[in-house]
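**Q** The structure follows.
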Amino acid sequence: MQWVYQHQYLSILALNTHVWFLFHSMTMTVLVSFFLIELGFDASLFGFALAAAGVGAIAGTSLSSRAGERFGVGRAMASSRILYAPAVILIALAPPAINSEPQNIAIIFAVVGQLLYGFSMGIEGPLEMGYRQFVTPSHLQGRMNATLRSINRSAVVIGAPLGGAIADGQGFLTALWISIAGLALCGLWFSLSSMRKAQIKEVEEI
């Protein structure tokens with residue numbers, strides 16, 4: 001924990017990711033009911049919406065190393081974190097199901113939003129993992145990963161039931177917009193922090 005939370009860049013990455021996991025888990029919890037109840041998707045449409053995130057993730061992962069080399073690890077990750085909120089906004093703006101026609105429009109919003117969400121995860125995932133492993137000494141690798149993963153998963157334990165409780169009490173859209181605000185805050189925080197300047201080649205010179 002001392003290594004993670006006192007490192008110039010790793011500490012920012014860790015704290016931002018903890019908060020991101022909180023709002024990400026809220027989003028994922030609410031989206032299931034939002035798709036099935038609010039938008040009226042059947043099992044097939046729901047499957048297509050979920051699969052779109054996987055397609056986006058594959059595309060993002062394929063471009064991740066190029067983005068890191070061209071823009072720098074920090075800036076590439078910052079750009080990715082900025083994209084999460086607009087992705088969920090697209091889904092939140094999908095028209096609710098009244099008859100079969102609005103579903104055709106809603107699935108487009110859902111698929112595009114999920115594609116963008118998955119693409120963002122695909123871009124930043126390899127860069128984040130590669131960066132934190134690169135800057136961490138070999139004898140601390142396991143404990144560094146265990147520390148980050150444990151607290152990230154703890155955030156899920158809070159975020160998932162919190163998102164469900166807000167959706168039950170205030171409605172799906174309210175819960176989604178709260179999670180959107182949280183994701184936007186994470187993106188803005190990351191983009192304005194010194195983490196955006198992180199470069200693997202800079203670490204090599206230290």
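To be explicit about the labels: the chains of the structure tokens are called A, B, and onward in the order shown, and within each one the residues are counted from 1, while ligands get numbers from 1 in the order they are shown.
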Can you pull out the residues contacting A:Tyr117? Cut-off 12 Å, using only C-alpha atoms, and skip same-chain residues under 6 positions away; I want them as a VMD selection string.
**A** chain A and resid 24 27 to 28 49 to 60 80 to 91 110 to 111 123 to 124 180 183
**Q** Next, dump the selected residues to file, keeping only N, CA and C atoms, as a CSV table (one decimal), in the first residue's frame.
**A**
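Generated output (part-v4.csv):
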```csv
chain,number,residue,atom,x,y,z
A,24,HIS,N,-18.8,2.4,-12.2
A,24,HIS,CA,-19.0,1.4,-13.2
A,24,HIS,C,-19.9,0.3,-12.7
A,27,THR,N,-23.4,1.5,-12.8
A,27,THR,CA,-23.9,1.5,-14.2
A,27,THR,C,-24.3,0.1,-14.7
A,28,MET,N,-23.4,-0.9,-14.5
A,28,MET,CA,-23.7,-2.2,-14.9
A,28,MET,C,-24.9,-2.8,-14.3
A,49,ALA,N,-27.1,-6.1,-27.2
A,49,ALA,CA,-26.6,-4.9,-26.6
A,49,ALA,C,-25.3,-5.3,-25.7
A,50,LEU,N,-25.4,-6.4,-25.0
A,50,LEU,CA,-24.2,-6.8,-24.2
A,50,LEU,C,-23.0,-7.2,-25.1
A,51,ALA,N,-23.3,-7.8,-26.2
A,51,ALA,CA,-22.2,-8.3,-27.1
A,51,ALA,C,-21.5,-7.1,-27.7
A,52,ALA,N,-22.2,-6.0,-27.9
A,52,ALA,CA,-21.6,-4.8,-28.6
A,52,ALA,C,-20.4,-4.3,-27.7
A,53,ALA,N,-20.5,-4.4,-26.4
A,53,ALA,CA,-19.4,-3.9,-25.6
A,53,ALA,C,-18.2,-4.8,-25.8
A,54,GLY,N,-18.4,-6.1,-26.0
A,54,GLY,CA,-17.3,-7.0,-26.3
A,54,GLY,C,-16.6,-6.7,-27.6
A,55,VAL,N,-17.4,-6.4,-28.7
A,55,VAL,CA,-16.9,-6.0,-30.0
A,55,VAL,C,-16.0,-4.7,-29.8
A,56,GLY,N,-16.6,-3.7,-29.1
A,56,GLY,CA,-15.9,-2.5,-28.8
A,56,GLY,C,-14.6,-2.7,-28.1
A,57,ALA,N,-14.6,-3.7,-27.1
A,57,ALA,CA,-13.4,-3.9,-26.3
A,57,ALA,C,-12.3,-4.6,-27.2
A,58,ILE,N,-12.7,-5.5,-28.1
A,58,ILE,CA,-11.7,-6.1,-29.0
A,58,ILE,C,-11.1,-5.0,-29.9
A,59,ALA,N,-11.9,-4.1,-30.4
A,59,ALA,CA,-11.4,-3.0,-31.3
A,59,ALA,C,-10.4,-2.1,-30.5
A,60,GLY,N,-10.8,-1.8,-29.3
A,60,GLY,CA,-10.0,-0.9,-28.4
A,60,GLY,C,-8.7,-1.5,-28.1
A,80,SER,N,-9.6,7.8,-22.8
A,80,SER,CA,-10.5,6.7,-22.6
A,80,SER,C,-11.5,7.0,-21.5
A,81,ARG,N,-11.0,7.5,-20.4
A,81,ARG,CA,-11.9,7.7,-19.2
A,81,ARG,C,-12.9,8.8,-19.5
A,82,ILE,N,-12.5,9.7,-20.3
A,82,ILE,CA,-13.5,10.8,-20.7
A,82,ILE,C,-14.6,10.2,-21.5
A,83,LEU,N,-14.4,9.1,-22.2
A,83,LEU,CA,-15.4,8.5,-23.1
A,83,LEU,C,-16.5,7.7,-22.4
A,84,TYR,N,-16.3,7.3,-21.2
A,84,TYR,CA,-17.3,6.5,-20.5
A,84,TYR,C,-18.6,7.2,-20.3
A,85,ALA,N,-18.6,8.4,-19.8
A,85,ALA,CA,-19.8,9.2,-19.6
A,85,ALA,C,-20.6,9.4,-20.8
A,86,PRO,N,-20.1,9.8,-22.0
A,86,PRO,CA,-20.9,10.0,-23.2
A,86,PRO,C,-21.5,8.6,-23.7
A,87,ALA,N,-20.7,7.5,-23.4
A,87,ALA,CA,-21.2,6.2,-23.8
A,87,ALA,C,-22.5,5.9,-23.1
A,88,VAL,N,-22.5,6.2,-21.8
A,88,VAL,CA,-23.7,5.8,-21.0
A,88,VAL,C,-24.8,6.9,-21.3
A,89,ILE,N,-24.5,8.1,-21.6
A,89,ILE,CA,-25.5,9.1,-22.0
A,89,ILE,C,-26.3,8.6,-23.2
A,90,LEU,N,-25.6,8.1,-24.2
A,90,LEU,CA,-26.3,7.6,-25.3
A,90,LEU,C,-27.3,6.5,-24.9
A,91,ILE,N,-26.9,5.7,-24.0
A,91,ILE,CA,-27.9,4.6,-23.6
A,91,ILE,C,-29.1,5.2,-22.8
A,110,ALA,N,-28.5,1.8,-27.7
A,110,ALA,CA,-27.8,0.9,-26.8
A,110,ALA,C,-26.5,0.3,-27.3
A,111,VAL,N,-26.6,-0.2,-28.6
A,111,VAL,CA,-25.5,-0.8,-29.2
A,111,VAL,C,-24.3,0.2,-29.4
A,123,ILE,N,-9.1,0.2,-24.8
A,123,ILE,CA,-8.0,1.1,-25.0
A,123,ILE,C,-7.2,1.2,-23.7
A,124,GLU,N,-7.9,1.5,-22.6
A,124,GLU,CA,-7.1,1.8,-21.4
A,124,GLU,C,-6.7,0.5,-20.6
A,180,ILE,N,-23.5,8.4,-14.5
A,180,ILE,CA,-22.9,9.2,-15.6
A,180,ILE,C,-22.1,10.3,-14.9
A,183,LEU,N,-18.9,8.9,-13.5
A,183,LEU,CA,-17.9,8.6,-14.6
A,183,LEU,C,-17.3,9.8,-15.2
```
**Q** So that I can see what lies close to stretch 170-172 of chain A, please list as a ChimeraX atom specification the residues with an atom at most 12 Å from it, counting only C-alpha atoms and leaving out residues fewer than 4 positions away in the same chain.
**A** /A:26-39,91-93,96,162-166,176-179
**Q** If I take atom CA of A:Lys197 and atom CA of A:Glu128, how far is one from the other in Å, to one decimal?
**A**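 One can read the atom CA of A:Lys197 to atom CA of A:Glu128 distance as 13.5 Å.
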**Q** So, counting only C-alpha atoms, which residue among A:Arg143, A:Ala198, A:Ile105, A:Gly113 is closest to A:Glu69?
**A**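 Closest to A:Glu69, using only C-alpha atoms: A:Ala198.
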**Q** Name the closest residue to A:Tyr5 among the candidates A:Leu148, A:Gly182, A:Gly187, A:Val112; distances are taken between atoms, counting only C-alpha atoms.
**A**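 So, comparing all the options, the nearest one is A:Leu148.
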**Q** For each of A:Thr174, A:Thr136, A:Ser64, A:Gln2, take the minimum atom-to-atom distance to A:Gly122, counting only C-alpha atoms, then give the residue where this is smallest.
**A**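 Nearest candidate to A:Gly122 out of A:Thr174, A:Thr136, A:Ser64, A:Gln2: A:Ser64.
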**Q** Figure out the distance between atom CA of A:Gly159 and atom CA of A:Leu127, please, to one decimal in Å.
**A**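 These two atoms are separated by 24.5 Å.
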